[in-house]
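Colleague: The following file, model_20.cif, comprises mmCIF, C-alpha atoms; chains and numbers go by the auth columns:
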data_query
loop_
_atom_site.group_PDB
_atom_site.id
_atom_site.type_symbol
_atom_site.label_atom_id
_atom_site.label_comp_id
_atom_site.label_asym_id
_atom_site.label_seq_id
_atom_site.Cartn_x
_atom_site.Cartn_y
_atom_site.Cartn_z
_atom_site.B_iso_or_equiv
_atom_site.auth_seq_id
_atom_site.auth_asym_id
ATOM 1 C CA MET A 1 0.000 0.000 0.000 0.00 1 A
ATOM 2 C CA ASN A 2 1.182 3.510 -0.735 0.00 2 A
ATOM 3 C CA HIS A 3 1.971 4.954 2.718 0.00 3 A
ATOM 4 C CA THR A 4 1.421 8.541 1.514 0.00 4 A
ATOM 5 C CA ALA A 5 -2.091 7.710 0.302 0.00 5 A
ATOM 6 C CA ALA A 6 -2.836 5.799 3.507 0.00 6 A
ATOM 7 C CA ALA A 7 -1.823 8.768 5.602 0.00 7 A
ATOM 8 C CA ALA A 8 -4.346 10.910 3.755 0.00 8 A
ATOM 9 C CA ILE A 9 -7.245 8.589 4.700 0.00 9 A
ATOM 10 C CA PRO A 10 -8.723 9.443 8.139 0.00 10 A
ATOM 11 C CA ALA A 11 -9.043 6.666 10.656 0.00 11 A
ATOM 12 C CA GLU A 12 -12.504 5.294 11.334 0.00 12 A
ATOM 13 C CA GLY A 13 -14.548 7.755 13.394 0.00 13 A
ATOM 14 C CA GLN A 14 -12.070 10.588 12.754 0.00 14 A
ATOM 15 C CA VAL A 15 -13.496 13.809 11.263 0.00 15 A
ATOM 16 C CA THR A 16 -11.432 15.622 8.692 0.00 16 A
ATOM 17 C CA PRO A 17 -11.291 19.357 9.566 0.00 17 A
ATOM 18 C CA ALA A 18 -12.783 21.688 6.945 0.00 18 A
ATOM 19 C CA PRO A 19 -10.269 23.907 5.171 0.00 19 A
ATOM 20 C CA ALA A 20 -10.029 27.430 6.547 0.00 20 A
ATOM 21 C CA PRO A 21 -12.025 29.925 4.473 0.00 21 A
ATOM 22 C CA ILE A 22 -9.905 32.152 2.266 0.00 22 A
ATOM 23 C CA ALA A 23 -10.782 35.829 2.694 0.00 23 A
ATOM 24 C CA SER A 24 -11.416 37.605 -0.583 0.00 24 A
ATOM 25 C CA PRO A 25 -8.988 40.454 -1.412 0.00 25 A
ATOM 26 C CA ARG A 26 -11.926 42.887 -1.423 0.00 26 A
ATOM 27 C CA LYS A 27 -13.074 41.849 2.073 0.00 27 A
ATOM 28 C CA LYS A 28 -9.520 42.086 3.384 0.00 28 A
ATOM 29 C CA HIS A 29 -9.253 45.523 1.784 0.00 29 A
ATOM 30 C CA ARG A 30 -12.481 46.682 3.504 0.00 30 A
ATOM 31 C CA ASN A 31 -11.279 45.361 6.865 0.00 31 A
ATOM 32 C CA LEU A 32 -8.002 47.267 6.544 0.00 32 A
ATOM 33 C CA ALA A 33 -9.824 50.474 5.621 0.00 33 A
ATOM 34 C CA GLN A 34 -12.209 50.011 8.544 0.00 34 A
ATOM 35 C CA GLY A 35 -9.237 49.657 10.876 0.00 35 A
ATOM 36 C CA VAL A 36 -7.880 53.011 9.709 0.00 36 A
ATOM 37 C CA VAL A 37 -11.344 54.589 10.047 0.00 37 A
ATOM 38 C CA GLU A 38 -11.756 53.313 13.625 0.00 38 A
ATOM 39 C CA SER A 39 -8.296 54.510 14.590 0.00 39 A
ATOM 40 C CA PHE A 40 -8.889 58.077 13.353 0.00 40 A
ATOM 41 C CA THR A 41 -12.454 58.147 14.715 0.00 41 A
ATOM 42 C CA GLN A 42 -11.179 57.306 18.194 0.00 42 A
ATOM 43 C CA THR A 43 -8.381 59.862 17.897 0.00 43 A
ATOM 44 C CA ILE A 44 -10.803 62.600 16.831 0.00 44 A
ATOM 45 C CA GLN A 45 -13.417 61.743 19.465 0.00 45 A
ATOM 46 C CA ALA A 46 -10.752 61.655 22.165 0.00 46 A
ATOM 47 C CA GLY A 47 -9.677 65.174 21.173 0.00 47 A
ATOM 48 C CA THR A 48 -6.144 64.164 20.233 0.00 48 A
ATOM 49 C CA LEU A 49 -6.921 65.521 16.770 0.00 49 A
ATOM 50 C CA LYS A 50 -8.912 68.737 17.202 0.00 50 A
ATOM 51 C CA PRO A 51 -11.270 70.544 14.791 0.00 51 A
ATOM 52 C CA GLY A 52 -9.262 72.427 12.195 0.00 52 A
ATOM 53 C CA GLU A 53 -6.173 70.264 12.572 0.00 53 A
ATOM 54 C CA LYS A 54 -4.731 68.569 9.523 0.00 54 A
ATOM 55 C CA LEU A 55 -4.523 64.785 9.179 0.00 55 A
ATOM 56 C CA PRO A 56 -1.149 63.244 8.315 0.00 56 A
ATOM 57 C CA THR A 57 -0.381 62.853 4.620 0.00 57 A
ATOM 58 C CA GLU A 58 -1.399 59.695 2.773 0.00 58 A
ATOM 59 C CA SER A 59 2.198 58.470 2.812 0.00 59 A
ATOM 60 C CA VAL A 60 2.465 58.894 6.582 0.00 60 A
ATOM 61 C CA ILE A 61 -0.868 57.110 7.168 0.00 61 A
ATOM 62 C CA MET A 62 0.292 54.276 4.890 0.00 62 A
ATOM 63 C CA GLU A 63 3.436 53.875 6.990 0.00 63 A
ATOM 64 C CA MET A 64 1.573 54.210 10.325 0.00 64 A
ATOM 65 C CA HIS A 65 -0.950 51.484 9.498 0.00 65 A
ATOM 66 C CA GLY A 66 1.027 49.373 7.041 0.00 66 A
ATOM 67 C CA VAL A 67 -1.602 49.715 4.311 0.00 67 A
ATOM 68 C CA SER A 68 -1.743 50.727 0.660 0.00 68 A
ATOM 69 C CA ARG A 69 -2.646 54.132 -0.728 0.00 69 A
ATOM 70 C CA THR A 70 -5.965 52.714 -1.976 0.00 70 A
ATOM 71 C CA VAL A 71 -6.874 51.611 1.553 0.00 71 A
ATOM 72 C CA VAL A 72 -5.995 55.053 2.927 0.00 72 A
ATOM 73 C CA ARG A 73 -8.163 56.801 0.337 0.00 73 A
ATOM 74 C CA GLU A 74 -11.116 54.530 1.049 0.00 74 A
ATOM 75 C CA ALA A 75 -10.737 55.213 4.780 0.00 75 A
ATOM 76 C CA ILE A 76 -10.629 58.980 4.184 0.00 76 A
ATOM 77 C CA SER A 77 -13.764 58.665 2.052 0.00 77 A
ATOM 78 C CA HIS A 78 -15.571 56.946 4.952 0.00 78 A
ATOM 79 C CA LEU A 79 -14.427 59.630 7.380 0.00 79 A
ATOM 80 C CA GLN A 80 -15.737 62.313 5.015 0.00 80 A
ATOM 81 C CA ALA A 81 -19.096 60.554 4.709 0.00 81 A
ATOM 82 C CA ALA A 82 -19.312 60.428 8.518 0.00 82 A
ATOM 83 C CA GLY A 83 -18.794 64.198 8.665 0.00 83 A
ATOM 84 C CA LEU A 84 -15.556 63.871 10.631 0.00 84 A
ATOM 85 C CA VAL A 85 -13.142 65.343 8.092 0.00 85 A
ATOM 86 C CA GLN A 86 -13.095 67.532 5.014 0.00 86 A
ATOM 87 C CA THR A 87 -10.568 67.310 2.185 0.00 87 A
ATOM 88 C CA ARG A 88 -9.430 70.536 0.558 0.00 88 A
ATOM 89 C CA HIS A 89 -7.878 69.642 -2.768 0.00 89 A
ATOM 90 C CA GLY A 90 -4.226 70.524 -2.981 0.00 90 A
ATOM 91 C CA ILE A 91 -4.069 71.412 0.718 0.00 91 A
ATOM 92 C CA GLY A 92 -4.960 68.349 2.781 0.00 92 A
ATOM 93 C CA THR A 93 -7.629 66.739 4.957 0.00 93 A
ATOM 94 C CA PHE A 94 -8.830 68.567 8.068 0.00 94 A
ATOM 95 C CA VAL A 95 -10.853 67.576 11.127 0.00 95 A
ATOM 96 C CA LEU A 96 -14.359 69.084 11.218 0.00 96 A
ATOM 97 C CA ALA A 97 -16.146 70.375 14.296 0.00 97 A
ATOM 98 C CA PRO A 98 -18.756 67.868 15.501 0.00 98 A
ATOM 99 C CA GLN A 99 -22.298 68.554 14.308 0.00 99 A
ATOM 100 C CA PRO A 100 -25.287 68.015 16.607 0.00 100 A
ATOM 101 C CA ALA A 101 -27.219 65.027 15.288 0.00 101 A
ATOM 102 C CA ASN A 102 -30.562 66.780 15.756 0.00 102 A
ATOM 103 C CA LEU A 103 -29.695 69.381 13.099 0.00 103 A
ATOM 104 C CA ARG A 104 -29.987 66.797 10.346 0.00 104 A
ATOM 105 C CA ILE A 105 -33.294 66.261 8.563 0.00 105 A
ATOM 106 C CA SER A 106 -33.771 62.942 6.839 0.00 106 A
ATOM 107 C CA SER A 107 -35.704 63.021 3.569 0.00 107 A
ATOM 108 C CA ASP A 108 -36.972 59.529 4.484 0.00 108 A
ATOM 109 C CA THR A 109 -39.274 61.097 7.082 0.00 109 A
ATOM 110 C CA ILE A 110 -41.070 63.248 4.473 0.00 110 A
ATOM 111 C CA ARG A 111 -43.877 60.999 3.252 0.00 111 A
ATOM 112 C CA THR A 112 -47.207 62.845 3.226 0.00 112 A
ATOM 113 C CA ILE A 113 -48.566 66.086 1.773 0.00 113 A
ATOM 114 C CA GLY A 114 -48.663 67.384 5.350 0.00 114 A
ATOM 115 C CA ASP A 115 -44.931 66.668 5.670 0.00 115 A
ATOM 116 C CA VAL A 116 -44.211 68.550 2.434 0.00 116 A
ATOM 117 C CA LEU A 117 -46.277 71.513 3.704 0.00 117 A
ATOM 118 C CA SER A 118 -44.250 71.540 6.925 0.00 118 A
ATOM 119 C CA ILE A 119 -41.009 71.559 4.945 0.00 119 A
ATOM 120 C CA LEU A 120 -42.315 74.491 2.873 0.00 120 A
ATOM 121 C CA GLU A 121 -42.961 76.423 6.092 0.00 121 A
ATOM 122 C CA LEU A 122 -39.376 75.770 7.166 0.00 122 A
ATOM 123 C CA ARG A 123 -38.090 76.835 3.773 0.00 123 A
ATOM 124 C CA ILE A 124 -40.039 80.099 3.847 0.00 124 A
ATOM 125 C CA SER A 125 -38.198 81.214 6.977 0.00 125 A
ATOM 126 C CA LEU A 126 -34.865 79.830 5.782 0.00 126 A
ATOM 127 C CA GLU A 127 -34.701 80.656 2.091 0.00 127 A
ATOM 128 C CA THR A 128 -36.163 84.159 2.203 0.00 128 A
ATOM 129 C CA GLU A 129 -33.124 85.221 4.255 0.00 129 A
ATOM 130 C CA ALA A 130 -30.852 83.134 2.036 0.00 130 A
ATOM 131 C CA ALA A 131 -32.117 85.072 -1.004 0.00 131 A
ATOM 132 C CA TRP A 132 -31.471 88.370 0.807 0.00 132 A
ATOM 133 C CA LEU A 133 -27.920 87.343 1.657 0.00 133 A
ATOM 134 C CA ALA A 134 -27.299 85.911 -1.831 0.00 134 A
ATOM 135 C CA ALA A 135 -28.247 89.236 -3.431 0.00 135 A
ATOM 136 C CA THR A 136 -25.659 91.043 -1.305 0.00 136 A
ATOM 137 C CA ARG A 137 -22.878 88.449 -1.446 0.00 137 A
ATOM 138 C CA ARG A 138 -23.156 86.542 -4.729 0.00 138 A
ATOM 139 C CA SER A 139 -20.267 86.495 -7.195 0.00 139 A
ATOM 140 C CA GLU A 140 -20.561 87.018 -10.944 0.00 140 A
ATOM 141 C CA GLU A 141 -19.800 83.337 -11.479 0.00 141 A
ATOM 142 C CA GLN A 142 -22.534 82.274 -9.061 0.00 142 A
ATOM 143 C CA VAL A 143 -25.187 84.463 -10.653 0.00 143 A
ATOM 144 C CA GLN A 144 -24.157 83.136 -14.070 0.00 144 A
ATOM 145 C CA GLN A 145 -24.628 79.570 -12.787 0.00 145 A
ATOM 146 C CA MET A 146 -28.070 80.528 -11.473 0.00 146 A
ATOM 147 C CA GLY A 147 -29.012 81.793 -14.919 0.00 147 A
ATOM 148 C CA GLU A 148 -27.848 78.533 -16.486 0.00 148 A
ATOM 149 C CA ALA A 149 -29.830 76.484 -13.938 0.00 149 A
ATOM 150 C CA LEU A 150 -32.910 78.613 -14.608 0.00 150 A
ATOM 151 C CA ALA A 151 -32.532 77.997 -18.351 0.00 151 A
ATOM 152 C CA ARG A 152 -32.356 74.245 -17.697 0.00 152 A
ATOM 153 C CA ILE A 153 -35.504 74.392 -15.554 0.00 153 A
ATOM 154 C CA GLN A 154 -37.375 76.159 -18.349 0.00 154 A
ATOM 155 C CA SER A 155 -36.082 73.958 -21.165 0.00 155 A
ATOM 156 C CA SER A 156 -36.859 70.734 -19.303 0.00 156 A
ATOM 157 C CA ALA A 157 -40.288 71.791 -18.013 0.00 157 A
ATOM 158 C CA GLY A 158 -42.393 68.735 -17.295 0.00 158 A
ATOM 159 C CA GLN A 159 -39.412 66.402 -17.718 0.00 159 A
ATOM 160 C CA PRO A 160 -37.664 64.499 -14.871 0.00 160 A
ATOM 161 C CA GLY A 161 -34.549 66.673 -15.250 0.00 161 A
ATOM 162 C CA SER A 162 -36.473 69.813 -14.290 0.00 162 A
ATOM 163 C CA VAL A 163 -36.604 68.736 -10.630 0.00 163 A
ATOM 164 C CA GLU A 164 -32.810 68.318 -10.451 0.00 164 A
ATOM 165 C CA ALA A 165 -32.325 71.713 -12.131 0.00 165 A
ATOM 166 C CA ASP A 166 -34.808 73.273 -9.690 0.00 166 A
ATOM 167 C CA VAL A 167 -32.935 71.807 -6.703 0.00 167 A
ATOM 168 C CA HIS A 168 -29.647 73.063 -8.155 0.00 168 A
ATOM 169 C CA PHE A 169 -31.080 76.572 -8.571 0.00 169 A
ATOM 170 C CA HIS A 170 -32.065 76.748 -4.893 0.00 170 A
ATOM 171 C CA LEU A 171 -28.722 75.256 -3.782 0.00 171 A
ATOM 172 C CA LEU A 172 -26.846 77.879 -5.809 0.00 172 A
ATOM 173 C CA ILE A 173 -28.748 80.591 -3.950 0.00 173 A
ATOM 174 C CA ALA A 174 -27.809 78.923 -0.644 0.00 174 A
ATOM 175 C CA GLN A 175 -24.161 78.688 -1.728 0.00 175 A
ATOM 176 C CA SER A 176 -24.161 82.369 -2.682 0.00 176 A
ATOM 177 C CA THR A 177 -24.875 83.324 0.948 0.00 177 A
ATOM 178 C CA GLY A 178 -21.361 82.256 1.878 0.00 178 A
ATOM 179 C CA ASN A 179 -22.886 80.390 4.837 0.00 179 A
ATOM 180 C CA ARG A 180 -22.435 76.623 4.522 0.00 180 A
ATOM 181 C CA TYR A 181 -25.245 75.840 6.953 0.00 181 A
ATOM 182 C CA PHE A 182 -27.860 76.988 4.451 0.00 182 A
ATOM 183 C CA VAL A 183 -26.323 74.529 1.997 0.00 183 A
ATOM 184 C CA ASP A 184 -26.126 71.734 4.586 0.00 184 A
ATOM 185 C CA ILE A 185 -29.827 71.876 5.431 0.00 185 A
ATOM 186 C CA LEU A 186 -31.027 72.043 1.819 0.00 186 A
ATOM 187 C CA SER A 187 -28.600 69.284 0.814 0.00 187 A
ATOM 188 C CA ASP A 188 -29.976 67.051 3.590 0.00 188 A
ATOM 189 C CA LEU A 189 -33.452 67.472 2.138 0.00 189 A
ATOM 190 C CA GLY A 190 -32.324 66.770 -1.433 0.00 190 A
ATOM 191 C CA ASN A 191 -35.087 66.601 -4.044 0.00 191 A
ATOM 192 C CA THR A 192 -37.773 66.773 -1.362 0.00 192 A
ATOM 193 C CA ILE A 193 -37.396 70.587 -1.303 0.00 193 A
ATOM 194 C CA ILE A 194 -39.288 70.535 -4.607 0.00 194 A
ATOM 195 C CA PRO A 195 -42.932 69.587 -3.864 0.00 195 A
ATOM 196 C CA ARG A 196 -43.560 68.090 -7.311 0.00 196 A
ATOM 197 C CA ALA A 197 -40.728 65.629 -6.659 0.00 197 A
ATOM 198 C CA ARG A 198 -43.001 63.945 -4.081 0.00 198 A
ATOM 199 C CA VAL A 199 -46.517 64.799 -5.232 0.00 199 A
ATOM 200 C CA ASN A 200 -48.098 65.827 -8.524 0.00 200 A
ATOM 201 C CA SER A 201 -49.087 69.312 -7.388 0.00 201 A
ATOM 202 C CA ALA A 202 -50.702 70.301 -10.676 0.00 202 A
ATOM 203 C CA GLN A 203 -52.804 67.149 -10.830 0.00 203 A
ATOM 204 C CA LEU A 204 -53.896 67.426 -7.197 0.00 204 A
ATOM 205 C CA ALA A 205 -54.917 71.034 -7.752 0.00 205 A
ATOM 206 C CA HIS A 206 -56.776 70.158 -10.991 0.00 206 A
ATOM 207 C CA SER A 207 -54.523 72.657 -12.748 0.00 207 A
ATOM 208 C CA ASP A 208 -53.165 72.550 -16.285 0.00 208 A
ATOM 209 C CA PRO A 209 -49.567 71.241 -15.931 0.00 209 A
ATOM 210 C CA ALA A 210 -48.175 73.680 -18.529 0.00 210 A
ATOM 211 C CA ALA A 211 -49.826 76.684 -16.842 0.00 211 A
ATOM 212 C CA TYR A 212 -48.691 75.437 -13.422 0.00 212 A
ATOM 213 C CA LEU A 213 -45.049 75.174 -14.524 0.00 213 A
ATOM 214 C CA GLU A 214 -45.218 78.533 -16.273 0.00 214 A
ATOM 215 C CA ARG A 215 -46.256 80.204 -13.004 0.00 215 A
ATOM 216 C CA VAL A 216 -43.448 78.461 -11.129 0.00 216 A
ATOM 217 C CA ASN A 217 -40.927 79.526 -13.775 0.00 217 A
ATOM 218 C CA ARG A 218 -42.068 83.155 -13.565 0.00 218 A
ATOM 219 C CA GLU A 219 -41.513 83.049 -9.816 0.00 219 A
ATOM 220 C CA HIS A 220 -38.009 81.614 -10.302 0.00 220 A
ATOM 221 C CA ASP A 221 -37.253 84.327 -12.838 0.00 221 A
ATOM 222 C CA ASP A 222 -38.292 87.058 -10.377 0.00 222 A
ATOM 223 C CA ILE A 223 -35.916 85.629 -7.749 0.00 223 A
ATOM 224 C CA TYR A 224 -33.060 85.382 -10.234 0.00 224 A
ATOM 225 C CA ARG A 225 -33.467 88.922 -11.595 0.00 225 A
ATOM 226 C CA ALA A 226 -33.554 90.420 -8.106 0.00 226 A
ATOM 227 C CA ILE A 227 -30.320 88.618 -7.160 0.00 227 A
ATOM 228 C CA LEU A 228 -28.790 89.597 -10.517 0.00 228 A
ATOM 229 C CA ARG A 229 -29.346 93.302 -9.849 0.00 229 A
ATOM 230 C CA GLN A 230 -28.333 92.826 -6.184 0.00 230 A
ATOM 231 C CA ASP A 231 -31.679 94.041 -4.870 0.00 231 A
ATOM 232 C CA ALA A 232 -31.747 92.215 -1.539 0.00 232 A
ATOM 233 C CA GLU A 233 -35.260 93.267 -0.479 0.00 233 A
ATOM 234 C CA ALA A 234 -36.748 92.301 -3.837 0.00 234 A
ATOM 235 C CA ALA A 235 -34.939 88.940 -3.707 0.00 235 A
ATOM 236 C CA ARG A 236 -36.331 88.263 -0.247 0.00 236 A
ATOM 237 C CA ALA A 237 -39.857 89.238 -1.346 0.00 237 A
ATOM 238 C CA ALA A 238 -39.647 87.158 -4.550 0.00 238 A
ATOM 239 C CA MET A 239 -38.503 84.073 -2.654 0.00 239 A
ATOM 240 C CA ARG A 240 -41.236 84.503 -0.044 0.00 240 A
ATOM 241 C CA THR A 241 -43.823 84.879 -2.801 0.00 241 A
ATOM 242 C CA HIS A 242 -42.567 81.761 -4.591 0.00 242 A
ATOM 243 C CA LEU A 243 -42.529 79.529 -1.521 0.00 243 A
ATOM 244 C CA SER A 244 -45.767 80.920 -0.103 0.00 244 A
ATOM 245 C CA ASN A 245 -47.475 80.318 -3.451 0.00 245 A
ATOM 246 C CA SER A 246 -46.113 76.756 -3.490 0.00 246 A
ATOM 247 C CA ARG A 247 -47.485 76.193 -0.007 0.00 247 A
ATOM 248 C CA GLU A 248 -50.854 77.692 -0.905 0.00 248 A
ATOM 249 C CA ARG A 249 -51.139 75.656 -4.113 0.00 249 A
ATOM 250 C CA LEU A 250 -50.370 72.479 -2.218 0.00 250 A
ATOM 251 C CA ARG A 251 -52.619 73.354 0.733 0.00 251 A
ATOM 252 C CA ARG A 252 -55.592 74.033 -1.529 0.00 252 A
ATOM 253 C CA ALA A 253 -54.862 70.892 -3.515 0.00 253 A
ATOM 254 C CA GLN A 254 -54.870 68.924 -0.275 0.00 254 A
ATOM 255 C CA GLU A 255 -58.279 70.369 0.562 0.00 255 A
ATOM 256 C CA GLY A 256 -59.563 69.509 -2.908 0.00 256 A
ATOM 257 C CA ILE A 257 -60.155 73.155 -3.857 0.00 257 A
ATOM 258 C CA ALA A 258 -58.918 74.222 -7.274 0.00 258 A
ATOM 259 C CA PRO A 259 -56.844 77.411 -7.056 0.00 259 A
ATOM 260 C CA ASP A 260 -57.713 80.532 -8.946 0.00 260 A
ATOM 261 C CA ALA A 261 -56.481 80.561 -12.541 0.00 261 A
#
Show me, as structure tokens, the structure contained in the file I just sent.
Modeller:
Amino acid sequence: MNHTAAAAIPAEGQVTPAPAPIASPRKKHRNLAQGVVESFTQTIQAGTLKPGEKLPTESVIMEMHGVSRTVVREAISHLQAAGLVQTRHGIGTFVLAPQPANLRISSDTIRTIGDVLSILELRISLETEAAWLAATRRSEEQVQQMGEALARIQSSAGQPGSVEADVHFHLLIAQSTGNRYFVDILSDLGNTIIPRARVNSAQLAHSDPAAYLERVNREHDDIYRAILRQDAEAARAAMRTHLSNSRERLRRAQEGIAPDA
């Protein structure tokens, strides 16, 4: 008998151990990145790395943790998504100040017409001041981008892309304030800041869709032109009119009353 073959046959009643599972390269990669994420998270939460301080360079992190550049970049991406750091291209990655969790608004909680109406009330108080600030602080490049977004809204009226262009228009106004918190709140809400992204406002109000969108576009144009000429009071009034009209159209639609033509 071949002794080598015999040795490979387990004795009666003996159980052959299963081979150890081989971790996939991708899973190993994720585990390494997670290790880097946990290390920096603990360091930041402990206050060893303070808000405003710069993280070590990629090369230093690679050496510290014995990982590849790809792993480091994935870890940094996770830290950014968690709101712990911010990367400034060409400068480095910096620790952010912690944000209170209750400032965030999840779009997943906005489900009913009543929810959309509540968001419109919030936006009236928020975006009227944002329009005022944008008119006084906007740059020529920002106002040009607003004009381009407005043109996209008008050219894609009634199409899916009009909602994205509408969101972009409002975000550009928020960005023009120079205050990132306006942008943070609107970005959290995403497409839900546009009522027709959640409900068919024109259909609910028994209104002609083309006429409905034309009214909305006129309101956008009034906001844009006020910011263009840097008339802060007119920008504030135009934004309040736009959002109040949106709220009223939706409120009357909810009640089943067709709005005036």
Colleague: For a quick check of understanding, using only C-alpha atoms, which of A:Glu121, A:Leu171, A:Glu148, A:Val37 has the smallest distance to Asp184 in chain A?
Modeller: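 Of A:Glu121, A:Leu171, A:Glu148, A:Val37, the one nearest Asp184 in chain A is A:Leu171, counting only C-alpha atoms.
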Colleague: Please indicate the distance in Å from CA of Phe169 in chain A to CA of Leu122 in chain A, rounded to one decimal place.
Modeller: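 Interatomic distance, CA of Phe169 in chain A to CA of Leu122 in chain A: 17.8 Å.
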Colleague: Mind giving me the straight-line distance from CA of Thr136 in chain A to CA of Val167 in chain A in Å, one decimal?
Modeller: 21.3 Å
Colleague: Dig up all the protein and nucleic acid residues within 9 Å of (-32.2, 89.2, -4.0) in the file frame, using all atoms listed in the file, and format them as a ChimeraX atom specification.
Modeller: /A:128,130-136,223-239
Colleague: Considering all atoms listed in the file, state which residue in the set A:Asn31, A:Asn217, A:Thr43, A:Ser244 is at the smallest distance from Gln154 in chain A.
Modeller: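 Ranking A:Asn31, A:Asn217, A:Thr43, A:Ser244 by distance to Gln154 in chain A, first place goes to A:Asn217.
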Colleague: Could you check the closest approach to Glu53 in chain A for each of A:Ile76, A:Leu120, A:Val85, A:Leu172 and tell me which residue wins, using only C-alpha atoms?
Modeller: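 Comparing A:Ile76, A:Leu120, A:Val85, A:Leu172 against Glu53 in chain A, the winner is A:Val85.
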Colleague: Which residue is closest to Val95 in chain A? Choose from A:Val60, A:Gly52, A:Gln145, A:Glu74 and count only C-alpha atoms.
Modeller: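 Using only C-alpha atoms, the shortest distance to Val95 in chain A belongs to A:Gly52.
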Colleague: Taking into account only C-alpha atoms, which residue in the set A:Leu150, A:Leu96, A:Val163, A:Ala210 is nearest to Ile44 in chain A?
Modeller: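 The shortest atom-to-atom distance to Ile44 in chain A comes from A:Leu96.
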Colleague: Looking at A:Val36, A:Ala151, A:Leu55, A:Ile173, which one is nearest to Val67 in chain A, with distances taken over only C-alpha atoms?
Modeller: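 Once distances to Val67 in chain A are computed over only C-alpha atoms, the minimum belongs to A:Val36.
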Colleague: Using all atoms of range 166-177 of chain A that appear in the file, construct an axis-aligned enclosing box with 5 Å of padding on every side and provide its centre coordinates and edge lengths in Å, rounded to one decimal, as lines of an AutoDock Vina configuration file.
Modeller:
center_x = -29.5
center_y = 77.6
center_z = -4.4
size_x = 20.6
size_y = 21.5
size_z = 20.6
Colleague: Give as an MDAnalysis selection string each residue that has an atom at most 10 Å from (-9.7, 51.9, -1.7) in the file, counting all atoms listed in the file.
Modeller: chainID A and resid 26 29:30 32:33 68:77
Colleague: Could you spell out the hits of the PyMOL selection byres ((chain A and resi 181) around 12) on the shown file, as a list of chain:residue names?
Modeller: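 Expected selection for the PyMOL selection byres ((chain A and resi 181) around 12) here is A:Gln99, A:Leu103, A:Arg104, A:Leu126, A:Glu127, A:Ala130, A:Leu171, A:Ala174, A:Gln175, A:Ser176, A:Thr177, A:Gly178, A:Asn179, A:Arg180, A:Phe182, A:Val183, A:Asp184, A:Ile185, A:Leu186, A:Ser187, A:Asp188.
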Colleague: Restricting it to C-alpha atoms, dump the selection as a PDB file, in the coordinates of the input.
Modeller:
ATOM      1  CA  GLN A  99     -22.298  68.554  14.308  1.00  0.00           C
ATOM      2  CA  LEU A 103     -29.695  69.381  13.099  1.00  0.00           C
ATOM      3  CA  ARG A 104     -29.987  66.797  10.346  1.00  0.00           C
ATOM      4  CA  LEU A 126     -34.865  79.830   5.782  1.00  0.00           C
ATOM      5  CA  GLU A 127     -34.701  80.656   2.091  1.00  0.00           C
ATOM      6  CA  ALA A 130     -30.852  83.134   2.036  1.00  0.00           C
ATOM      7  CA  LEU A 171     -28.722  75.256  -3.782  1.00  0.00           C
ATOM      8  CA  ALA A 174     -27.809  78.923  -0.644  1.00  0.00           C
ATOM      9  CA  GLN A 175     -24.161  78.688  -1.728  1.00  0.00           C
ATOM     10  CA  SER A 176     -24.161  82.369  -2.682  1.00  0.00           C
ATOM     11  CA  THR A 177     -24.875  83.324   0.948  1.00  0.00           C
ATOM     12  CA  GLY A 178     -21.361  82.256   1.878  1.00  0.00           C
ATOM     13  CA  ASN A 179     -22.886  80.390   4.837  1.00  0.00           C
ATOM     14  CA  ARG A 180     -22.435  76.623   4.522  1.00  0.00           C
ATOM     15  CA  PHE A 182     -27.860  76.988   4.451  1.00  0.00           C
ATOM     16  CA  VAL A 183     -26.323  74.529   1.997  1.00  0.00           C
ATOM     17  CA  ASP A 184     -26.126  71.734   4.586  1.00  0.00           C
ATOM     18  CA  ILE A 185     -29.827  71.876   5.431  1.00  0.00           C
ATOM     19  CA  LEU A 186     -31.027  72.043   1.819  1.00  0.00           C
ATOM     20  CA  SER A 187     -28.600  69.284   0.814  1.00  0.00           C
ATOM     21  CA  ASP A 188     -29.976  67.051   3.590  1.00  0.00           C
TER      22      ASP A 188
END
Colleague: Could you tell me how far CA of Gly90 in chain A lies from CA of Arg137 in chain A, in Å and to one decimal?
Modeller: 25.9 Å
Colleague: What would range 218-223 of chain A look like with N, CA, C and O atoms in place, written as a PDB file, in the frame of the given file?
Modeller:
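Okay, this is what ended up in rebuild-v3.pdb:
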ATOM      1  N   ARG A 218     -42.034  81.695 -13.719  1.00  0.00           N
ATOM      2  CA  ARG A 218     -42.068  83.155 -13.565  1.00  0.00           C
ATOM      3  C   ARG A 218     -41.565  83.548 -12.172  1.00  0.00           C
ATOM      4  O   ARG A 218     -40.841  84.535 -12.017  1.00  0.00           O
ATOM      5  N   GLU A 219     -41.963  82.769 -11.185  1.00  0.00           N
ATOM      6  CA  GLU A 219     -41.513  83.049  -9.816  1.00  0.00           C
ATOM      7  C   GLU A 219     -39.997  82.875  -9.692  1.00  0.00           C
ATOM      8  O   GLU A 219     -39.317  83.684  -9.047  1.00  0.00           O
ATOM      9  N   HIS A 220     -39.463  81.819 -10.298  1.00  0.00           N
ATOM     10  CA  HIS A 220     -38.009  81.614 -10.302  1.00  0.00           C
ATOM     11  C   HIS A 220     -37.301  82.790 -10.978  1.00  0.00           C
ATOM     12  O   HIS A 220     -36.254  83.258 -10.516  1.00  0.00           O
ATOM     13  N   ASP A 221     -37.866  83.236 -12.084  1.00  0.00           N
ATOM     14  CA  ASP A 221     -37.253  84.327 -12.838  1.00  0.00           C
ATOM     15  C   ASP A 221     -37.215  85.609 -12.007  1.00  0.00           C
ATOM     16  O   ASP A 221     -36.222  86.355 -12.044  1.00  0.00           O
ATOM     17  N   ASP A 222     -38.273  85.867 -11.237  1.00  0.00           N
ATOM     18  CA  ASP A 222     -38.292  87.058 -10.377  1.00  0.00           C
ATOM     19  C   ASP A 222     -37.189  86.988  -9.326  1.00  0.00           C
ATOM     20  O   ASP A 222     -36.530  87.998  -9.038  1.00  0.00           O
ATOM     21  N   ILE A 223     -36.984  85.805  -8.749  1.00  0.00           N
ATOM     22  CA  ILE A 223     -35.916  85.629  -7.749  1.00  0.00           C
ATOM     23  C   ILE A 223     -34.556  85.886  -8.394  1.00  0.00           C
ATOM     24  O   ILE A 223     -33.721  86.633  -7.863  1.00  0.00           O
TER      25      ILE A 223
END
